$ cat run_0.cif   # mmCIF, C-alpha atoms, pLDDT in the B column; chains and numbers go by the auth columns
data_target
loop_
_atom_site.group_PDB
_atom_site.id
_atom_site.type_symbol
_atom_site.label_atom_id
_atom_site.label_comp_id
_atom_site.label_asym_id
_atom_site.label_seq_id
_atom_site.Cartn_x
_atom_site.Cartn_y
_atom_site.Cartn_z
_atom_site.B_iso_or_equiv
_atom_site.auth_seq_id
_atom_site.auth_asym_id
ATOM 1 C CA MET A 1 68.323 -76.064 137.247 89.00 1179 A
ATOM 2 C CA ARG A 2 69.196 -76.175 140.934 90.00 1180 A
ATOM 3 C CA ILE A 3 66.658 -77.031 143.603 91.00 1181 A
ATOM 4 C CA SER A 4 66.078 -73.359 144.437 91.00 1182 A
ATOM 5 C CA GLU A 5 65.182 -72.643 140.810 92.00 1183 A
ATOM 6 C CA LEU A 6 63.005 -75.753 140.689 92.00 1184 A
ATOM 7 C CA SER A 7 61.206 -74.397 143.738 92.00 1185 A
ATOM 8 C CA ARG A 8 60.638 -70.973 142.154 92.00 1186 A
ATOM 9 C CA SER A 9 59.413 -72.460 138.861 91.00 1187 A
ATOM 10 C CA SER A 10 57.043 -74.956 140.475 89.00 1188 A
ATOM 11 C CA GLY A 11 55.775 -72.913 143.408 88.00 1189 A
ATOM 12 C CA VAL A 12 56.722 -75.764 145.755 90.00 1190 A
ATOM 13 C CA SER A 13 58.995 -75.014 148.684 92.00 1191 A
ATOM 14 C CA VAL A 14 62.505 -76.465 148.840 93.00 1192 A
ATOM 15 C CA THR A 15 61.574 -78.263 152.069 94.00 1193 A
ATOM 16 C CA THR A 16 58.620 -79.958 150.366 93.00 1194 A
ATOM 17 C CA ILE A 17 60.705 -80.875 147.320 93.00 1195 A
ATOM 18 C CA LYS A 18 63.271 -82.538 149.599 93.00 1196 A
ATOM 19 C CA TYR A 19 60.427 -84.415 151.302 92.00 1197 A
ATOM 20 C CA TYR A 20 59.150 -85.648 147.933 92.00 1198 A
ATOM 21 C CA LEU A 21 62.688 -86.744 147.054 92.00 1199 A
ATOM 22 C CA ARG A 22 62.997 -88.699 150.318 91.00 1200 A
ATOM 23 C CA GLU A 23 59.595 -90.317 149.802 89.00 1201 A
ATOM 24 C CA GLY A 24 60.461 -91.366 146.258 87.00 1202 A
ATOM 25 C CA LEU A 25 57.757 -89.261 144.591 88.00 1203 A
ATOM 26 C CA LEU A 26 60.395 -87.278 142.725 90.00 1204 A
ATOM 27 C CA ALA A 27 63.449 -88.835 141.071 88.00 1205 A
ATOM 28 C CA PRO A 28 66.869 -87.635 142.272 89.00 1206 A
ATOM 29 C CA GLY A 29 68.561 -84.935 140.230 90.00 1207 A
ATOM 30 C CA ARG A 30 71.887 -85.308 138.438 88.00 1208 A
ATOM 31 C CA GLN A 31 74.595 -85.066 141.078 86.00 1209 A
ATOM 32 C CA THR A 32 77.037 -82.217 140.381 86.00 1210 A
ATOM 33 C CA ALA A 33 78.745 -82.095 143.786 83.00 1211 A
ATOM 34 C CA ALA A 34 78.572 -83.802 147.152 77.00 1212 A
ATOM 35 C CA THR A 35 75.625 -81.670 148.238 77.00 1213 A
ATOM 36 C CA GLN A 36 74.324 -80.338 144.916 84.00 1214 A
ATOM 37 C CA ALA A 37 72.205 -81.714 142.092 90.00 1215 A
ATOM 38 C CA GLU A 38 70.658 -80.401 138.890 92.00 1216 A
ATOM 39 C CA TYR A 39 67.049 -80.893 137.817 92.00 1217 A
ATOM 40 C CA ASP A 40 65.402 -80.644 134.403 91.00 1218 A
ATOM 41 C CA GLU A 41 62.005 -79.995 132.838 89.00 1219 A
ATOM 42 C CA GLN A 42 60.823 -83.548 133.575 86.00 1220 A
ATOM 43 C CA HIS A 43 61.386 -82.924 137.286 91.00 1221 A
ATOM 44 C CA LEU A 44 59.400 -79.701 136.985 91.00 1222 A
ATOM 45 C CA ARG A 45 56.559 -81.444 135.144 86.00 1223 A
ATOM 46 C CA ARG A 46 56.471 -84.295 137.637 86.00 1224 A
ATOM 47 C CA LEU A 47 56.548 -81.886 140.564 89.00 1225 A
ATOM 48 C CA ARG A 48 53.590 -79.958 139.164 86.00 1226 A
ATOM 49 C CA LEU A 49 51.679 -83.205 138.733 83.00 1227 A
ATOM 50 C CA ILE A 50 52.469 -84.191 142.333 88.00 1228 A
ATOM 51 C CA ARG A 51 51.192 -80.816 143.520 86.00 1229 A
ATOM 52 C CA ALA A 52 48.019 -81.240 141.471 82.00 1230 A
ATOM 53 C CA LEU A 53 47.397 -84.758 142.787 82.00 1231 A
ATOM 54 C CA THR A 54 47.963 -83.843 146.433 86.00 1232 A
ATOM 55 C CA GLY A 55 46.532 -80.331 146.364 82.00 1233 A
ATOM 56 C CA VAL A 56 43.761 -80.446 143.765 76.00 1234 A
ATOM 57 C CA ARG A 57 42.661 -84.055 144.007 77.00 1235 A
ATOM 58 C CA GLY A 58 43.532 -84.227 147.705 82.00 1236 A
ATOM 59 C CA LEU A 59 45.359 -87.546 147.539 80.00 1237 A
ATOM 60 C CA SER A 60 47.623 -88.721 150.334 86.00 1238 A
ATOM 61 C CA VAL A 61 51.363 -88.981 149.694 87.00 1239 A
ATOM 62 C CA SER A 62 51.191 -92.795 149.639 85.00 1240 A
ATOM 63 C CA THR A 63 48.292 -92.835 147.177 82.00 1241 A
ATOM 64 C CA THR A 64 50.021 -90.202 145.056 84.00 1242 A
ATOM 65 C CA ARG A 65 53.092 -92.435 144.921 85.00 1243 A
ATOM 66 C CA GLU A 66 50.942 -95.355 143.725 80.00 1244 A
ATOM 67 C CA VAL A 67 49.313 -93.212 141.057 79.00 1245 A
ATOM 68 C CA LEU A 68 52.659 -91.825 139.873 80.00 1246 A
ATOM 69 C CA ASP A 69 54.173 -95.316 139.701 80.00 1247 A
ATOM 70 C CA ALA A 70 51.221 -96.429 137.602 74.00 1248 A
ATOM 71 C CA VAL A 71 51.475 -93.290 135.473 72.00 1249 A
ATOM 72 C CA THR A 72 55.160 -93.987 134.818 74.00 1250 A
ATOM 73 C CA GLU A 73 54.281 -97.541 133.824 76.00 1251 A
ATOM 74 C CA HIS A 74 51.622 -96.340 131.378 69.00 1252 A
ATOM 75 C CA THR A 75 53.275 -93.194 130.005 70.00 1253 A
ATOM 76 C CA GLY A 76 52.877 -94.493 126.449 73.00 1254 A
ATOM 77 C CA ASP A 77 49.143 -95.104 126.942 78.00 1255 A
ATOM 78 C CA THR A 78 47.463 -91.689 127.040 79.00 1256 A
ATOM 79 C CA HIS A 79 44.003 -93.115 127.734 82.00 1257 A
ATOM 80 C CA ARG A 80 45.234 -95.082 130.741 79.00 1258 A
ATOM 81 C CA LEU A 81 47.374 -92.159 131.895 76.00 1259 A
ATOM 82 C CA LEU A 82 44.451 -89.745 131.952 80.00 1260 A
ATOM 83 C CA GLY A 83 42.251 -92.304 133.670 81.00 1261 A
ATOM 84 C CA LEU A 84 44.766 -92.779 136.461 76.00 1262 A
ATOM 85 C CA THR A 85 45.317 -89.082 137.128 75.00 1263 A
ATOM 86 C CA LEU A 86 41.634 -88.150 136.921 75.00 1264 A
ATOM 87 C CA GLY A 87 40.540 -91.030 139.114 72.00 1265 A
ATOM 88 C CA SER A 88 38.348 -92.671 136.486 65.00 1266 A
ATOM 89 C CA VAL A 89 40.662 -95.694 136.726 62.00 1267 A
ATOM 90 C CA ARG A 90 41.689 -97.115 140.092 62.00 1268 A
ATOM 91 C CA VAL A 91 45.219 -98.134 140.925 59.00 1269 A
ATOM 92 C CA GLY A 92 44.530 -101.854 141.189 56.00 1270 A
ATOM 93 C CA GLU A 93 41.282 -103.265 139.908 53.00 1271 A
ATOM 94 C CA LYS A 94 38.289 -103.689 142.195 56.00 1272 A
ATOM 95 C CA PRO A 95 35.115 -105.621 141.496 51.00 1273 A
ATOM 96 C CA ALA A 96 32.124 -103.843 140.027 56.00 1274 A
ATOM 97 C CA GLN A 97 29.375 -102.766 142.395 63.00 1275 A
ATOM 98 C CA ASP A 98 26.254 -104.938 142.648 76.00 1276 A
ATOM 99 C CA GLY A 99 22.629 -103.979 143.190 87.00 1277 A
ATOM 100 C CA PRO A 100 19.691 -102.545 141.237 89.00 1278 A
ATOM 101 C CA GLU A 101 21.201 -99.069 140.945 92.00 1279 A
ATOM 102 C CA ALA A 102 24.450 -100.510 139.576 93.00 1280 A
ATOM 103 C CA ALA A 103 22.365 -102.394 137.012 93.00 1281 A
ATOM 104 C CA GLU A 104 20.719 -99.089 136.043 94.00 1282 A
ATOM 105 C CA VAL A 105 24.139 -97.561 135.476 95.00 1283 A
ATOM 106 C CA ASP A 106 25.106 -100.552 133.345 95.00 1284 A
ATOM 107 C CA GLU A 107 21.996 -100.000 131.215 96.00 1285 A
ATOM 108 C CA LEU A 108 22.824 -96.312 130.808 97.00 1286 A
ATOM 109 C CA VAL A 109 26.404 -97.017 129.730 96.00 1287 A
ATOM 110 C CA LYS A 110 25.208 -99.696 127.319 96.00 1288 A
ATOM 111 C CA GLU A 111 22.609 -97.386 125.749 97.00 1289 A
ATOM 112 C CA LEU A 112 25.192 -94.637 125.315 97.00 1290 A
ATOM 113 C CA GLY A 113 27.744 -97.023 123.864 97.00 1291 A
ATOM 114 C CA TRP A 114 30.373 -95.654 126.222 96.00 1292 A
ATOM 115 C CA ASP A 115 33.671 -97.399 126.917 93.00 1293 A
ATOM 116 C CA VAL A 116 33.756 -97.105 130.731 91.00 1294 A
ATOM 117 C CA HIS A 117 35.624 -99.596 132.896 87.00 1295 A
ATOM 118 C CA ALA A 118 33.477 -101.762 135.178 86.00 1296 A
ATOM 119 C CA SER A 119 35.435 -100.608 138.240 84.00 1297 A
ATOM 120 C CA ALA A 120 35.325 -96.881 137.405 87.00 1298 A
ATOM 121 C CA PRO A 121 34.547 -94.938 140.623 87.00 1299 A
ATOM 122 C CA ALA A 122 32.064 -92.764 138.715 90.00 1300 A
ATOM 123 C CA ARG A 123 29.851 -95.821 138.206 92.00 1301 A
ATOM 124 C CA ALA A 124 29.620 -96.335 141.975 91.00 1302 A
ATOM 125 C CA THR A 125 28.994 -92.614 142.555 91.00 1303 A
ATOM 126 C CA LEU A 126 26.153 -92.601 140.043 94.00 1304 A
ATOM 127 C CA ALA A 127 24.626 -95.761 141.520 94.00 1305 A
ATOM 128 C CA GLU A 128 24.798 -94.331 145.050 93.00 1306 A
ATOM 129 C CA THR A 129 23.160 -91.110 143.886 94.00 1307 A
ATOM 130 C CA LEU A 130 20.288 -93.006 142.259 94.00 1308 A
ATOM 131 C CA GLY A 131 19.817 -94.970 145.489 93.00 1309 A
ATOM 132 C CA SER A 132 19.765 -91.792 147.593 94.00 1310 A
ATOM 133 C CA LEU A 133 17.231 -90.128 145.307 93.00 1311 A
ATOM 134 C CA ARG A 134 14.955 -93.123 145.531 92.00 1312 A
ATOM 135 C CA ASP A 135 15.240 -93.178 149.314 93.00 1313 A
ATOM 136 C CA LEU A 136 14.079 -89.559 149.290 95.00 1314 A
ATOM 137 C CA GLY A 137 11.080 -90.333 147.103 94.00 1315 A
ATOM 138 C CA VAL A 138 12.550 -89.152 143.804 91.00 1316 A
ATOM 139 C CA PRO A 139 12.779 -92.342 141.763 83.00 1317 A
ATOM 140 C CA LEU A 140 14.878 -91.805 138.660 88.00 1318 A
ATOM 141 C CA ASP A 141 15.894 -94.471 136.188 89.00 1319 A
ATOM 142 C CA TRP A 142 18.652 -94.509 133.611 93.00 1320 A
ATOM 143 C CA ARG A 143 16.342 -93.151 130.891 94.00 1321 A
ATOM 144 C CA THR A 144 15.887 -89.926 132.851 94.00 1322 A
ATOM 145 C CA LEU A 145 19.653 -89.524 132.985 95.00 1323 A
ATOM 146 C CA LEU A 146 20.132 -90.111 129.263 96.00 1324 A
ATOM 147 C CA PRO A 147 19.796 -86.465 128.083 96.00 1325 A
ATOM 148 C CA TYR A 148 22.087 -85.346 130.929 96.00 1326 A
ATOM 149 C CA ALA A 149 24.613 -87.944 129.835 97.00 1327 A
ATOM 150 C CA ARG A 150 24.498 -86.601 126.285 97.00 1328 A
ATOM 151 C CA LEU A 151 25.325 -83.136 127.600 95.00 1329 A
ATOM 152 C CA ALA A 152 28.217 -84.613 129.603 94.00 1330 A
ATOM 153 C CA GLU A 153 29.414 -86.308 126.438 96.00 1331 A
ATOM 154 C CA ARG A 154 29.627 -82.958 124.663 95.00 1332 A
ATOM 155 C CA THR A 155 31.472 -81.471 127.648 92.00 1333 A
ATOM 156 C CA ALA A 156 33.991 -84.321 127.520 91.00 1334 A
ATOM 157 C CA VAL A 157 34.726 -83.509 123.880 93.00 1335 A
ATOM 158 C CA LEU A 158 35.498 -79.919 124.869 91.00 1336 A
ATOM 159 C CA ASP A 159 37.702 -81.165 127.720 89.00 1337 A
ATOM 160 C CA LEU A 160 39.778 -83.500 125.561 89.00 1338 A
ATOM 161 C CA ASP A 161 40.042 -80.977 122.724 91.00 1339 A
ATOM 162 C CA GLN A 162 42.136 -78.820 125.061 88.00 1340 A
ATOM 163 C CA LEU A 163 44.731 -81.583 125.389 87.00 1341 A
ATOM 164 C CA GLU A 164 45.201 -82.317 121.691 87.00 1342 A
ATOM 165 C CA HIS A 165 48.235 -80.043 121.235 87.00 1343 A
ATOM 166 C CA LEU A 166 50.163 -81.435 124.226 85.00 1344 A
ATOM 167 C CA ASP A 167 52.888 -83.938 123.350 82.00 1345 A
ATOM 168 C CA ASP A 168 54.254 -84.505 126.864 79.00 1346 A
ATOM 169 C CA PRO A 169 52.098 -87.188 128.564 77.00 1347 A
ATOM 170 C CA LEU A 170 52.791 -85.792 132.044 74.00 1348 A
ATOM 171 C CA GLU A 171 51.800 -82.306 130.909 79.00 1349 A
ATOM 172 C CA ALA A 172 48.586 -83.720 129.417 81.00 1350 A
ATOM 173 C CA ALA A 173 47.823 -85.539 132.677 79.00 1351 A
ATOM 174 C CA GLU A 174 48.444 -82.412 134.748 78.00 1352 A
ATOM 175 C CA ARG A 175 46.338 -80.206 132.446 81.00 1353 A
ATOM 176 C CA ALA A 176 43.489 -82.730 132.357 82.00 1354 A
ATOM 177 C CA LEU A 177 43.477 -82.970 136.134 79.00 1355 A
ATOM 178 C CA LEU A 178 43.447 -79.211 136.645 78.00 1356 A
ATOM 179 C CA LEU A 179 40.825 -78.569 133.978 80.00 1357 A
ATOM 180 C CA THR A 180 38.554 -81.308 135.284 79.00 1358 A
ATOM 181 C CA VAL A 181 38.736 -80.630 139.009 75.00 1359 A
ATOM 182 C CA LEU A 182 39.023 -76.842 138.919 77.00 1360 A
ATOM 183 C CA LEU A 183 36.409 -76.389 136.197 84.00 1361 A
ATOM 184 C CA GLU A 184 33.783 -78.475 138.005 85.00 1362 A
ATOM 185 C CA PRO A 185 32.727 -75.620 140.351 85.00 1363 A
ATOM 186 C CA ALA A 186 32.529 -73.287 137.341 89.00 1364 A
ATOM 187 C CA LEU A 187 30.342 -75.760 135.454 91.00 1365 A
ATOM 188 C CA MET A 188 28.078 -76.084 138.482 92.00 1366 A
ATOM 189 C CA ALA A 189 27.875 -72.280 138.727 94.00 1367 A
ATOM 190 C CA LEU A 190 26.929 -72.066 135.042 95.00 1368 A
ATOM 191 C CA ARG A 191 24.190 -74.632 135.615 95.00 1369 A
ATOM 192 C CA ARG A 192 22.767 -72.618 138.516 96.00 1370 A
ATOM 193 C CA MET A 193 22.842 -69.444 136.407 97.00 1371 A
ATOM 194 C CA ALA A 194 21.134 -71.214 133.532 97.00 1372 A
ATOM 195 C CA GLN A 195 18.453 -72.528 135.898 96.00 1373 A
ATOM 196 C CA GLU A 196 17.815 -69.021 137.198 97.00 1374 A
ATOM 197 C CA ASN A 197 17.565 -67.700 133.658 97.00 1375 A
ATOM 198 C CA GLU A 198 15.188 -70.489 132.613 96.00 1376 A
ATOM 199 C CA SER A 199 13.024 -69.929 135.689 97.00 1377 A
ATOM 200 C CA ALA A 200 12.808 -66.226 134.880 97.00 1378 A
ATOM 201 C CA ARG A 201 11.888 -67.018 131.283 96.00 1379 A
ATOM 202 C CA ARG A 202 9.118 -69.381 132.348 96.00 1380 A
ATOM 203 C CA HIS A 203 7.692 -67.704 135.434 96.00 1381 A
ATOM 204 C CA THR A 204 8.101 -63.943 135.090 91.00 1382 A
ATOM 205 C CA SER A 205 6.409 -61.626 132.665 75.00 1383 A
#

$ encode --input "run_0.cif" --output "structure tokens"
Amino acid sequence: MRISELSRSSGVSVTTIKYYLREGLLAPGRQTAATQAEYDEQHLRRLRLIRALTGVRGLSVSTTREVLDAVTEHTGDTHRLLGLTLGSVRVGEKPAQDGPEAAEVDELVKELGWDVHASAPARATLAETLGSLRDLGVPLDWRTLLPYARLAERTAVLDLDQLEHLDDPLEAAERALLLTVLLEPALMALRRMAQENESARRHTS
């Protein structure tokens, strides 16, 4: 396909596609003339992933390039690929967070038997949240989080089930990213609705 068709199929403007080409985020097409090139389905898939990383995850162009380079390197490793695109694995390892809250998170992960990298950003987020709650006089420990974690575990099974039929690693990465990030507000809305329903069940006659 020509660049105009690539633009129509991806929803990305020709100007932006040319920018991605200049920045090395998108590989050059097959040259057919001095000023023309053809692009294929891999270009389309990569372009959609770029759009998801920059638009949905809000990554900068430079960070997106780093993620895409790492994704290309680990295309045969679906677990690593999904971790990179979803942000559960950093591009470049960083040391694990220290402190009592980080130790609580370690205990939670150990109790669950989860395989979660020591440098996973979610560990730091969880530790920071525990610290903030304690500062506000709501001391929670990892045992309180255990039933919530079990619910999250069941949600993760549903998430990954939706990727089982996808053979293209880039398509799986794009779908996982969109499902995770775009579904999070819906999951939060469902929680709020369930809370309202439970409150009505308990407190109204």

$ atom_distance --input "run_0.cif" --atom1 "atom CA of A:Leu1360" --atom2 "atom CA of A:Asp1337"
12.1 Å

$ closest_residue --input "run_0.cif" --among "A:Glu1306, A:Glu1201, A:Asp1339, A:Glu1285" --to "A:Thr1322" --atoms "all atoms listed in the file"
A:Glu1285

$ residues_around --input "run_0.cif" --residues "A:Arg1235" --least-positions-apart "2" --cutoff "9 Å" --atoms "all atoms listed in the file" --output "list of chain:residue names"
A:Ala1230, A:Leu1231, A:Thr1232, A:Gly1233, A:Leu1237, A:Thr1263, A:Leu1264, A:Gly1265, A:Leu1355, A:Leu1356, A:Val1359

$ atom_distance --input "run_0.cif" --atom1 "atom CA of A:Val1239" --atom2 "atom CA of A:Thr1194"
11.6 Å

$ atom_distance --input "run_0.cif" --atom1 "atom CA of A:Glu1216" --atom2 "atom CA of A:Met1179"
5.2 Å

$ residues_around --input "run_0.cif" --residues "A:Asp1276" --least-positions-apart "2" --cutoff "12 Å" --atoms "all atoms listed in the file" --output "list in words"
Pro1273, Ala1274, Pro1278, Glu1279, Ala1280, Ala1281, Glu1282, Val1283, Asp1284, Ala1296, Ser1297, Arg1301, Ala1302, Ala1305 and Glu1306 of chain A

$ closest_residue --input "run_0.cif" --among "A:Ala1372, A:Ala1351, A:Leu1361, A:Ala1327" --to "A:Arg1258" --atoms "only C-alpha atoms"
A:Ala1351
